[in-house]
Amino acid sequence: MNRQGSGFILWLTGMSGAGKSTLSRALRSRLEPLRPVEVMDGDEVRTWLTRGLGFSREDREENVRRIGHVARLLARHGVGVIVAAISPYQSSRAEVRQLAADAGLAFVEVYIEAPLEALIARDVKGLYKKALAGELPHFTGVSDPYEAPEAPEVTVRSSSEPLEAGLERVLAALQTRGLLVPRAA
């Protein structure tokens, strides 16, 4: 299928503090001159779209399903959708990938990898400290699992490579798939 000019879903997954939001902002600034782009950041989604969901496995899976649904709606209308969400379970990510494929939409998974030690050292929001102290139950990577992608299209090692290197690999993956085309005049 020729996907030139069609929307796509770029799914950034990784643990809290790995750099999903940082990479999504960099991607947005590079892609906006080329095409319509929307970022669905996990923190914002939890505030507006999935408020009321908790952090049980079932609620996390529902969170990913809802994000995937909105991403497909946007992509179907030619938007490049960048999802930056922990999405800790392989099965949930596989489900949204399959639903995108069923809709004829490109889905590119990007794993933002950083070792737990680096995330604890970085701990921008102070969440790991609380989770390690037992104050945050169901915290991904500490008291709840994070299932790393088995075959992401791109892996970005945020603790050992510059942002620009990962950004360029993601853009190259989009280019290879014919997803970077100028806006229609």
# chains A, B, ... in the order shown; residues from 1 in each chain; ligands from 1
>>> residues_around(residues="region 69-75 of chain A", least_positions_apart="2", cutoff="8 Å", atoms="only C-alpha atoms", output="list in words")
Ser6, Gly7, Phe8, Ile9, Met40, Arg65, Arg66, Ile67, His77, Gly78, Val79, Gly80, Val81, Val83, Val96, Ala100, Ala103 and Leu105 of chain A
>>> write_last_selection(atoms="N, CA, C and O atoms", output="PDB file, in the first residue's frame")
ATOM      1  N   SER A   6      -0.640   9.881   3.786  1.00  0.00           N
ATOM      2  CA  SER A   6      -1.642   9.436   4.757  1.00  0.00           C
ATOM      3  C   SER A   6      -1.107   9.637   6.161  1.00  0.00           C
ATOM      4  O   SER A   6       0.070   9.861   6.387  1.00  0.00           O
ATOM      5  N   GLY A   7      -2.012   9.561   7.110  1.00  0.00           N
ATOM      6  CA  GLY A   7      -1.610   9.688   8.497  1.00  0.00           C
ATOM      7  C   GLY A   7      -0.882   8.443   8.965  1.00  0.00           C
ATOM      8  O   GLY A   7      -0.827   7.434   8.269  1.00  0.00           O
ATOM      9  N   PHE A   8      -0.327   8.546  10.141  1.00  0.00           N
ATOM     10  CA  PHE A   8       0.382   7.411  10.737  1.00  0.00           C
ATOM     11  C   PHE A   8       0.343   7.551  12.244  1.00  0.00           C
ATOM     12  O   PHE A   8       0.024   8.605  12.784  1.00  0.00           O
ATOM     13  N   ILE A   9       0.683   6.459  12.909  1.00  0.00           N
ATOM     14  CA  ILE A   9       0.793   6.454  14.368  1.00  0.00           C
ATOM     15  C   ILE A   9       2.226   6.105  14.713  1.00  0.00           C
ATOM     16  O   ILE A   9       2.730   5.041  14.345  1.00  0.00           O
ATOM     17  N   MET A  40       0.013  13.006  21.472  1.00  0.00           N
ATOM     18  CA  MET A  40      -0.833  12.522  22.562  1.00  0.00           C
ATOM     19  C   MET A  40       0.109  12.080  23.674  1.00  0.00           C
ATOM     20  O   MET A  40       0.649  10.983  23.635  1.00  0.00           O
ATOM     21  N   ARG A  65      -6.018   1.367  24.852  1.00  0.00           N
ATOM     22  CA  ARG A  65      -7.073   1.217  23.823  1.00  0.00           C
ATOM     23  C   ARG A  65      -7.669   2.567  23.447  1.00  0.00           C
ATOM     24  O   ARG A  65      -7.902   2.851  22.268  1.00  0.00           O
ATOM     25  N   ARG A  66      -7.965   3.392  24.446  1.00  0.00           N
ATOM     26  CA  ARG A  66      -8.567   4.706  24.168  1.00  0.00           C
ATOM     27  C   ARG A  66      -7.599   5.596  23.401  1.00  0.00           C
ATOM     28  O   ARG A  66      -7.988   6.281  22.448  1.00  0.00           O
ATOM     29  N   ILE A  67      -6.335   5.593  23.817  1.00  0.00           N
ATOM     30  CA  ILE A  67      -5.334   6.372  23.087  1.00  0.00           C
ATOM     31  C   ILE A  67      -5.256   5.874  21.647  1.00  0.00           C
ATOM     32  O   ILE A  67      -5.245   6.671  20.705  1.00  0.00           O
ATOM     33  N   HIS A  77      -7.400  10.805   9.121  1.00  0.00           N
ATOM     34  CA  HIS A  77      -7.609  12.093   8.461  1.00  0.00           C
ATOM     35  C   HIS A  77      -6.290  12.779   8.105  1.00  0.00           C
ATOM     36  O   HIS A  77      -6.232  13.999   7.969  1.00  0.00           O
ATOM     37  N   GLY A  78      -5.238  11.973   7.958  1.00  0.00           N
ATOM     38  CA  GLY A  78      -3.977  12.485   7.452  1.00  0.00           C
ATOM     39  C   GLY A  78      -3.033  13.068   8.486  1.00  0.00           C
ATOM     40  O   GLY A  78      -2.013  13.650   8.122  1.00  0.00           O
ATOM     41  N   VAL A  79      -3.339  12.926   9.758  1.00  0.00           N
ATOM     42  CA  VAL A  79      -2.491  13.481  10.805  1.00  0.00           C
ATOM     43  C   VAL A  79      -1.399  12.474  11.168  1.00  0.00           C
ATOM     44  O   VAL A  79      -1.667  11.275  11.277  1.00  0.00           O
ATOM     45  N   GLY A  80      -0.197  12.962  11.368  1.00  0.00           N
ATOM     46  CA  GLY A  80       0.870  12.156  11.935  1.00  0.00           C
ATOM     47  C   GLY A  80       0.712  12.217  13.445  1.00  0.00           C
ATOM     48  O   GLY A  80       0.879  13.276  14.040  1.00  0.00           O
ATOM     49  N   VAL A  81       0.346  11.122  14.055  1.00  0.00           N
ATOM     50  CA  VAL A  81       0.059  11.097  15.489  1.00  0.00           C
ATOM     51  C   VAL A  81       1.260  10.519  16.228  1.00  0.00           C
ATOM     52  O   VAL A  81       1.696   9.404  15.936  1.00  0.00           O
ATOM     53  N   VAL A  83       2.308   9.291  19.766  1.00  0.00           N
ATOM     54  CA  VAL A  83       1.832   8.881  21.079  1.00  0.00           C
ATOM     55  C   VAL A  83       3.046   8.699  21.974  1.00  0.00           C
ATOM     56  O   VAL A  83       3.980   7.988  21.615  1.00  0.00           O
ATOM     57  N   VAL A  96      -3.182  -2.347  19.556  1.00  0.00           N
ATOM     58  CA  VAL A  96      -3.347  -1.080  18.838  1.00  0.00           C
ATOM     59  C   VAL A  96      -2.620  -1.114  17.501  1.00  0.00           C
ATOM     60  O   VAL A  96      -3.084  -0.515  16.530  1.00  0.00           O
ATOM     61  N   ALA A 100      -4.562  -0.583  13.924  1.00  0.00           N
ATOM     62  CA  ALA A 100      -4.066   0.391  12.945  1.00  0.00           C
ATOM     63  C   ALA A 100      -3.878  -0.285  11.585  1.00  0.00           C
ATOM     64  O   ALA A 100      -4.299   0.250  10.551  1.00  0.00           O
ATOM     65  N   ALA A 103      -6.997  -0.836   9.793  1.00  0.00           N
ATOM     66  CA  ALA A 103      -7.528   0.405   9.234  1.00  0.00           C
ATOM     67  C   ALA A 103      -6.656   0.928   8.092  1.00  0.00           C
ATOM     68  O   ALA A 103      -6.931   1.997   7.541  1.00  0.00           O
ATOM     69  N   LEU A 105      -3.472   1.849   8.320  1.00  0.00           N
ATOM     70  CA  LEU A 105      -2.627   2.938   8.814  1.00  0.00           C
ATOM     71  C   LEU A 105      -1.255   2.418   9.221  1.00  0.00           C
ATOM     72  O   LEU A 105      -1.135   1.347   9.811  1.00  0.00           O
TER      73      LEU A 105
END
>>> residues_around(residues="Ser21 (chain A)", least_positions_apart="4", cutoff="10 Å", atoms="only C-alpha atoms", output="tab-separated table (two decimals) with C-alpha atoms, in the first residue's frame")
chain	number	residue	atom	x	y	z
A	12	LEU	CA	6.72	5.96	21.78
A	16	SER	CA	8.47	6.90	33.26
A	17	GLY	CA	11.27	9.40	32.75
A	25	ARG	CA	8.42	17.46	21.35
A	26	ALA	CA	11.53	17.23	19.17
A	27	LEU	CA	9.66	15.12	16.63
A	39	VAL	CA	1.10	14.65	20.09
A	40	MET	CA	-0.83	12.52	22.56
A	41	ASP	CA	1.23	12.68	25.74
A	42	GLY	CA	0.42	10.12	28.42
A	43	ASP	CA	0.18	12.70	31.22
A	82	ILE	CA	2.88	10.86	18.00
A	83	VAL	CA	1.83	8.88	21.08
A	84	ALA	CA	4.11	9.22	24.11
A	85	ALA	CA	2.73	6.79	26.67
>>> residues_around(residues="Arg57 (chain A)", least_positions_apart="5", cutoff="9 Å", atoms="only C-alpha atoms", output="list in words")
Glu62, Tyr89, His138 and Asp144 of chain A
>>> select_by_dssp(residues="region 29-154 of chain A", states="alpha helix (DSSP H)", output="VMD selection string")
chain A and resid 29 to 31 42 to 48 57 to 76 90 to 102 116 to 122 127 to 132
>>> closest_atom_pairs(of="region 69-105 of chain A", to="region 146-166 of chain A", cutoff="9 Å", atoms="only C-alpha atoms", output="tab-separated table")
residue	atom	partner	partner_atom	distance
A:Ile86	CA	A:Tyr146	CA	8.4
A:Ser87	CA	A:Tyr146	CA	8.2
A:Pro88	CA	A:Tyr146	CA	4.6
A:Tyr89	CA	A:Glu147	CA	5.4
A:Gln90	CA	A:Glu147	CA	5.8
A:Arg93	CA	A:Pro149	CA	8.6
>>> closest_residue(among="A:Leu116, A:Ala131, A:Val142, A:Val108", to="Arg169 (chain A)", atoms="only C-alpha atoms")
A:Val108
>>> closest_residue(among="A:Arg76, A:Arg122, A:Arg60, A:Arg177", to="Thr140 (chain A)", atoms="only C-alpha atoms")
A:Arg60
>>> closest_residue(among="A:Leu53, A:Met15, A:Ala101, A:Val45", to="Ile120 (chain A)", atoms="only C-alpha atoms")
A:Met15
>>> select_by_dssp(residues="region 11-144 of chain A", states="strand (DSSP E or B)", output="PDB file with all heavy atoms, in the first residue's frame")
ATOM      1  N   TRP A  11       4.305   5.384  17.870  1.00  0.00           N
ATOM      2  CA  TRP A  11       4.017   5.018  19.260  1.00  0.00           C
ATOM      3  C   TRP A  11       5.315   4.942  20.048  1.00  0.00           C
ATOM      4  O   TRP A  11       6.102   4.023  19.869  1.00  0.00           O
ATOM      5  CB  TRP A  11       3.286   3.684  19.295  1.00  0.00           C
ATOM      6  CG  TRP A  11       2.600   3.426  20.595  1.00  0.00           C
ATOM      7  CD1 TRP A  11       3.166   2.982  21.758  1.00  0.00           C
ATOM      8  CD2 TRP A  11       1.215   3.592  20.863  1.00  0.00           C
ATOM      9  NE1 TRP A  11       2.205   2.872  22.735  1.00  0.00           N
ATOM     10  CE2 TRP A  11       0.999   3.239  22.213  1.00  0.00           C
ATOM     11  CE3 TRP A  11       0.131   4.011  20.084  1.00  0.00           C
ATOM     12  CZ2 TRP A  11      -0.253   3.288  22.816  1.00  0.00           C
ATOM     13  CZ3 TRP A  11      -1.116   4.049  20.677  1.00  0.00           C
ATOM     14  CH2 TRP A  11      -1.308   3.697  22.024  1.00  0.00           C
ATOM     15  N   LEU A  12       5.541   5.921  20.923  1.00  0.00           N
ATOM     16  CA  LEU A  12       6.718   5.960  21.776  1.00  0.00           C
ATOM     17  C   LEU A  12       6.372   5.306  23.109  1.00  0.00           C
ATOM     18  O   LEU A  12       5.470   5.768  23.816  1.00  0.00           O
ATOM     19  CB  LEU A  12       7.169   7.397  22.023  1.00  0.00           C
ATOM     20  CG  LEU A  12       7.964   8.104  20.926  1.00  0.00           C
ATOM     21  CD1 LEU A  12       7.259   8.088  19.590  1.00  0.00           C
ATOM     22  CD2 LEU A  12       8.285   9.513  21.337  1.00  0.00           C
ATOM     23  N   THR A  13       7.065   4.231  23.434  1.00  0.00           N
ATOM     24  CA  THR A  13       6.837   3.510  24.679  1.00  0.00           C
ATOM     25  C   THR A  13       8.138   3.427  25.465  1.00  0.00           C
ATOM     26  O   THR A  13       9.217   3.393  24.887  1.00  0.00           O
ATOM     27  CB  THR A  13       6.264   2.098  24.420  1.00  0.00           C
ATOM     28  OG1 THR A  13       6.077   1.419  25.669  1.00  0.00           O
ATOM     29  CG2 THR A  13       7.167   1.260  23.532  1.00  0.00           C
ATOM     30  N   VAL A  37       0.484  17.357  12.488  1.00  0.00           N
ATOM     31  CA  VAL A  37       1.008  16.483  13.536  1.00  0.00           C
ATOM     32  C   VAL A  37       0.250  16.750  14.830  1.00  0.00           C
ATOM     33  O   VAL A  37      -0.084  17.897  15.132  1.00  0.00           O
ATOM     34  CB  VAL A  37       2.515  16.758  13.777  1.00  0.00           C
ATOM     35  CG1 VAL A  37       3.046  15.924  14.928  1.00  0.00           C
ATOM     36  CG2 VAL A  37       3.319  16.504  12.534  1.00  0.00           C
ATOM     37  N   GLU A  38       0.007  15.704  15.579  1.00  0.00           N
ATOM     38  CA  GLU A  38      -0.597  15.839  16.904  1.00  0.00           C
ATOM     39  C   GLU A  38       0.162  14.936  17.859  1.00  0.00           C
ATOM     40  O   GLU A  38       0.495  13.800  17.512  1.00  0.00           O
ATOM     41  CB  GLU A  38      -2.075  15.441  16.867  1.00  0.00           C
ATOM     42  CG  GLU A  38      -2.836  15.810  18.106  1.00  0.00           C
ATOM     43  CD  GLU A  38      -2.849  17.303  18.381  1.00  0.00           C
ATOM     44  OE1 GLU A  38      -3.236  18.074  17.483  1.00  0.00           O
ATOM     45  OE2 GLU A  38      -2.457  17.697  19.499  1.00  0.00           O
ATOM     46  N   VAL A  39       0.446  15.440  19.050  1.00  0.00           N
ATOM     47  CA  VAL A  39       1.099  14.651  20.091  1.00  0.00           C
ATOM     48  C   VAL A  39       0.056  14.282  21.137  1.00  0.00           C
ATOM     49  O   VAL A  39      -0.697  15.135  21.606  1.00  0.00           O
ATOM     50  CB  VAL A  39       2.259  15.420  20.761  1.00  0.00           C
ATOM     51  CG1 VAL A  39       2.791  14.656  21.976  1.00  0.00           C
ATOM     52  CG2 VAL A  39       3.383  15.674  19.762  1.00  0.00           C
ATOM     53  N   MET A  40       0.013  13.006  21.472  1.00  0.00           N
ATOM     54  CA  MET A  40      -0.833  12.522  22.562  1.00  0.00           C
ATOM     55  C   MET A  40       0.109  12.080  23.674  1.00  0.00           C
ATOM     56  O   MET A  40       0.649  10.983  23.635  1.00  0.00           O
ATOM     57  CB  MET A  40      -1.717  11.374  22.084  1.00  0.00           C
ATOM     58  CG  MET A  40      -2.717  11.776  21.018  1.00  0.00           C
ATOM     59  SD  MET A  40      -3.811  10.412  20.566  1.00  0.00           S
ATOM     60  CE  MET A  40      -4.769  10.245  22.093  1.00  0.00           C
ATOM     61  N   ASP A  41       0.335  12.967  24.628  1.00  0.00           N
ATOM     62  CA  ASP A  41       1.233  12.682  25.740  1.00  0.00           C
ATOM     63  C   ASP A  41       0.468  11.975  26.854  1.00  0.00           C
ATOM     64  O   ASP A  41      -0.640  12.374  27.210  1.00  0.00           O
ATOM     65  CB  ASP A  41       1.843  13.986  26.262  1.00  0.00           C
ATOM     66  CG  ASP A  41       2.900  13.725  27.301  1.00  0.00           C
ATOM     67  OD1 ASP A  41       4.045  13.434  26.926  1.00  0.00           O
ATOM     68  OD2 ASP A  41       2.573  13.781  28.504  1.00  0.00           O
ATOM     69  N   GLY A  80      -0.197  12.962  11.368  1.00  0.00           N
ATOM     70  CA  GLY A  80       0.870  12.156  11.935  1.00  0.00           C
ATOM     71  C   GLY A  80       0.712  12.217  13.445  1.00  0.00           C
ATOM     72  O   GLY A  80       0.879  13.276  14.040  1.00  0.00           O
ATOM     73  N   VAL A  81       0.346  11.122  14.055  1.00  0.00           N
ATOM     74  CA  VAL A  81       0.059  11.097  15.489  1.00  0.00           C
ATOM     75  C   VAL A  81       1.260  10.519  16.228  1.00  0.00           C
ATOM     76  O   VAL A  81       1.696   9.404  15.936  1.00  0.00           O
ATOM     77  CB  VAL A  81      -1.207  10.262  15.796  1.00  0.00           C
ATOM     78  CG1 VAL A  81      -1.510  10.294  17.292  1.00  0.00           C
ATOM     79  CG2 VAL A  81      -2.390  10.755  14.984  1.00  0.00           C
ATOM     80  N   ILE A  82       1.767  11.300  17.163  1.00  0.00           N
ATOM     81  CA  ILE A  82       2.875  10.857  18.004  1.00  0.00           C
ATOM     82  C   ILE A  82       2.292  10.560  19.378  1.00  0.00           C
ATOM     83  O   ILE A  82       1.810  11.455  20.064  1.00  0.00           O
ATOM     84  CB  ILE A  82       3.960  11.940  18.122  1.00  0.00           C
ATOM     85  CG1 ILE A  82       4.469  12.352  16.739  1.00  0.00           C
ATOM     86  CG2 ILE A  82       5.098  11.453  19.029  1.00  0.00           C
ATOM     87  CD1 ILE A  82       5.279  13.630  16.741  1.00  0.00           C
ATOM     88  N   VAL A  83       2.308   9.291  19.766  1.00  0.00           N
ATOM     89  CA  VAL A  83       1.832   8.881  21.079  1.00  0.00           C
ATOM     90  C   VAL A  83       3.046   8.699  21.974  1.00  0.00           C
ATOM     91  O   VAL A  83       3.980   7.988  21.615  1.00  0.00           O
ATOM     92  CB  VAL A  83       1.030   7.561  21.005  1.00  0.00           C
ATOM     93  CG1 VAL A  83       0.666   7.067  22.396  1.00  0.00           C
ATOM     94  CG2 VAL A  83      -0.217   7.748  20.148  1.00  0.00           C
ATOM     95  N   ALA A  84       3.040   9.358  23.120  1.00  0.00           N
ATOM     96  CA  ALA A  84       4.112   9.220  24.110  1.00  0.00           C
ATOM     97  C   ALA A  84       3.466   8.712  25.391  1.00  0.00           C
ATOM     98  O   ALA A  84       2.982   9.490  26.204  1.00  0.00           O
ATOM     99  CB  ALA A  84       4.806  10.555  24.338  1.00  0.00           C
ATOM    100  N   ALA A 106      -0.242   3.206   8.924  1.00  0.00           N
ATOM    101  CA  ALA A 106       1.113   2.865   9.344  1.00  0.00           C
ATOM    102  C   ALA A 106       1.230   3.029  10.857  1.00  0.00           C
ATOM    103  O   ALA A 106       0.725   3.992  11.435  1.00  0.00           O
ATOM    104  CB  ALA A 106       2.121   3.769   8.642  1.00  0.00           C
ATOM    105  N   PHE A 107       1.915   2.086  11.479  1.00  0.00           N
ATOM    106  CA  PHE A 107       2.161   2.101  12.919  1.00  0.00           C
ATOM    107  C   PHE A 107       3.645   1.839  13.113  1.00  0.00           C
ATOM    108  O   PHE A 107       4.172   0.825  12.660  1.00  0.00           O
ATOM    109  CB  PHE A 107       1.338   1.006  13.602  1.00  0.00           C
ATOM    110  CG  PHE A 107       1.437   0.998  15.109  1.00  0.00           C
ATOM    111  CD1 PHE A 107       0.470   1.615  15.870  1.00  0.00           C
ATOM    112  CD2 PHE A 107       2.488   0.349  15.744  1.00  0.00           C
ATOM    113  CE1 PHE A 107       0.541   1.595  17.259  1.00  0.00           C
ATOM    114  CE2 PHE A 107       2.573   0.323  17.127  1.00  0.00           C
ATOM    115  CZ  PHE A 107       1.593   0.950  17.895  1.00  0.00           C
ATOM    116  N   VAL A 108       4.322   2.769  13.750  1.00  0.00           N
ATOM    117  CA  VAL A 108       5.754   2.652  13.980  1.00  0.00           C
ATOM    118  C   VAL A 108       5.988   2.708  15.484  1.00  0.00           C
ATOM    119  O   VAL A 108       5.667   3.703  16.130  1.00  0.00           O
ATOM    120  CB  VAL A 108       6.540   3.779  13.265  1.00  0.00           C
ATOM    121  CG1 VAL A 108       8.029   3.679  13.553  1.00  0.00           C
ATOM    122  CG2 VAL A 108       6.261   3.762  11.764  1.00  0.00           C
ATOM    123  N   GLU A 109       6.535   1.621  16.029  1.00  0.00           N
ATOM    124  CA  GLU A 109       6.792   1.562  17.467  1.00  0.00           C
ATOM    125  C   GLU A 109       8.238   1.975  17.749  1.00  0.00           C
ATOM    126  O   GLU A 109       9.170   1.486  17.114  1.00  0.00           O
ATOM    127  CB  GLU A 109       6.560   0.138  17.980  1.00  0.00           C
ATOM    128  CG  GLU A 109       6.697   0.008  19.485  1.00  0.00           C
ATOM    129  CD  GLU A 109       6.349  -1.396  19.959  1.00  0.00           C
ATOM    130  OE1 GLU A 109       6.865  -2.381  19.360  1.00  0.00           O
ATOM    131  OE2 GLU A 109       5.568  -1.513  20.911  1.00  0.00           O
ATOM    132  N   VAL A 110       8.377   2.890  18.705  1.00  0.00           N
ATOM    133  CA  VAL A 110       9.687   3.374  19.119  1.00  0.00           C
ATOM    134  C   VAL A 110       9.830   3.078  20.609  1.00  0.00           C
ATOM    135  O   VAL A 110       9.036   3.550  21.417  1.00  0.00           O
ATOM    136  CB  VAL A 110       9.839   4.891  18.865  1.00  0.00           C
ATOM    137  CG1 VAL A 110      11.194   5.389  19.361  1.00  0.00           C
ATOM    138  CG2 VAL A 110       9.640   5.212  17.390  1.00  0.00           C
ATOM    139  N   TYR A 111      10.841   2.298  20.936  1.00  0.00           N
ATOM    140  CA  TYR A 111      11.114   1.958  22.330  1.00  0.00           C
ATOM    141  C   TYR A 111      12.164   2.919  22.869  1.00  0.00           C
ATOM    142  O   TYR A 111      13.287   2.970  22.381  1.00  0.00           O
ATOM    143  CB  TYR A 111      11.610   0.511  22.411  1.00  0.00           C
ATOM    144  CG  TYR A 111      12.060   0.055  23.775  1.00  0.00           C
ATOM    145  CD1 TYR A 111      11.447   0.503  24.943  1.00  0.00           C
ATOM    146  CD2 TYR A 111      13.094  -0.858  23.897  1.00  0.00           C
ATOM    147  CE1 TYR A 111      11.867   0.062  26.192  1.00  0.00           C
ATOM    148  CE2 TYR A 111      13.513  -1.321  25.137  1.00  0.00           C
ATOM    149  CZ  TYR A 111      12.895  -0.844  26.279  1.00  0.00           C
ATOM    150  OH  TYR A 111      13.304  -1.287  27.512  1.00  0.00           O
ATOM    151  N   ILE A 112      11.775   3.693  23.877  1.00  0.00           N
ATOM    152  CA  ILE A 112      12.710   4.596  24.532  1.00  0.00           C
ATOM    153  C   ILE A 112      13.261   3.819  25.731  1.00  0.00           C
ATOM    154  O   ILE A 112      12.586   3.666  26.746  1.00  0.00           O
ATOM    155  CB  ILE A 112      12.040   5.910  24.998  1.00  0.00           C
ATOM    156  CG1 ILE A 112      11.159   6.508  23.907  1.00  0.00           C
ATOM    157  CG2 ILE A 112      13.106   6.891  25.481  1.00  0.00           C
ATOM    158  CD1 ILE A 112      11.847   6.878  22.637  1.00  0.00           C
ATOM    159  N   GLU A 113      14.464   3.313  25.576  1.00  0.00           N
ATOM    160  CA  GLU A 113      15.053   2.419  26.565  1.00  0.00           C
ATOM    161  C   GLU A 113      16.021   3.184  27.457  1.00  0.00           C
ATOM    162  O   GLU A 113      16.824   3.981  26.976  1.00  0.00           O
ATOM    163  CB  GLU A 113      15.782   1.283  25.841  1.00  0.00           C
ATOM    164  CG  GLU A 113      16.344   0.213  26.741  1.00  0.00           C
ATOM    165  CD  GLU A 113      17.724   0.527  27.274  1.00  0.00           C
ATOM    166  OE1 GLU A 113      18.512   1.204  26.588  1.00  0.00           O
ATOM    167  OE2 GLU A 113      18.008   0.092  28.405  1.00  0.00           O
ATOM    168  N   THR A 140       5.100   1.298  37.388  1.00  0.00           N
ATOM    169  CA  THR A 140       5.753   0.551  36.317  1.00  0.00           C
ATOM    170  C   THR A 140       7.264   0.530  36.502  1.00  0.00           C
ATOM    171  O   THR A 140       7.886   1.569  36.677  1.00  0.00           O
ATOM    172  CB  THR A 140       5.397   1.172  34.951  1.00  0.00           C
ATOM    173  OG1 THR A 140       3.984   1.153  34.797  1.00  0.00           O
ATOM    174  CG2 THR A 140       6.040   0.410  33.813  1.00  0.00           C
ATOM    175  N   ASP A 144       5.207  -2.853  39.393  1.00  0.00           N
ATOM    176  CA  ASP A 144       4.429  -3.395  38.276  1.00  0.00           C
ATOM    177  C   ASP A 144       5.386  -3.617  37.109  1.00  0.00           C
ATOM    178  O   ASP A 144       6.378  -2.895  36.970  1.00  0.00           O
ATOM    179  CB  ASP A 144       3.321  -2.422  37.850  1.00  0.00           C
ATOM    180  CG  ASP A 144       1.959  -2.774  38.415  1.00  0.00           C
ATOM    181  OD1 ASP A 144       1.885  -3.642  39.297  1.00  0.00           O
ATOM    182  OD2 ASP A 144       0.966  -2.172  37.969  1.00  0.00           O
TER     183      ASP A 144
END
>>> atom_distance(atom1="CA of Arg46 (chain A)", atom2="CA of Asn63 (chain A)")
8.0 Å
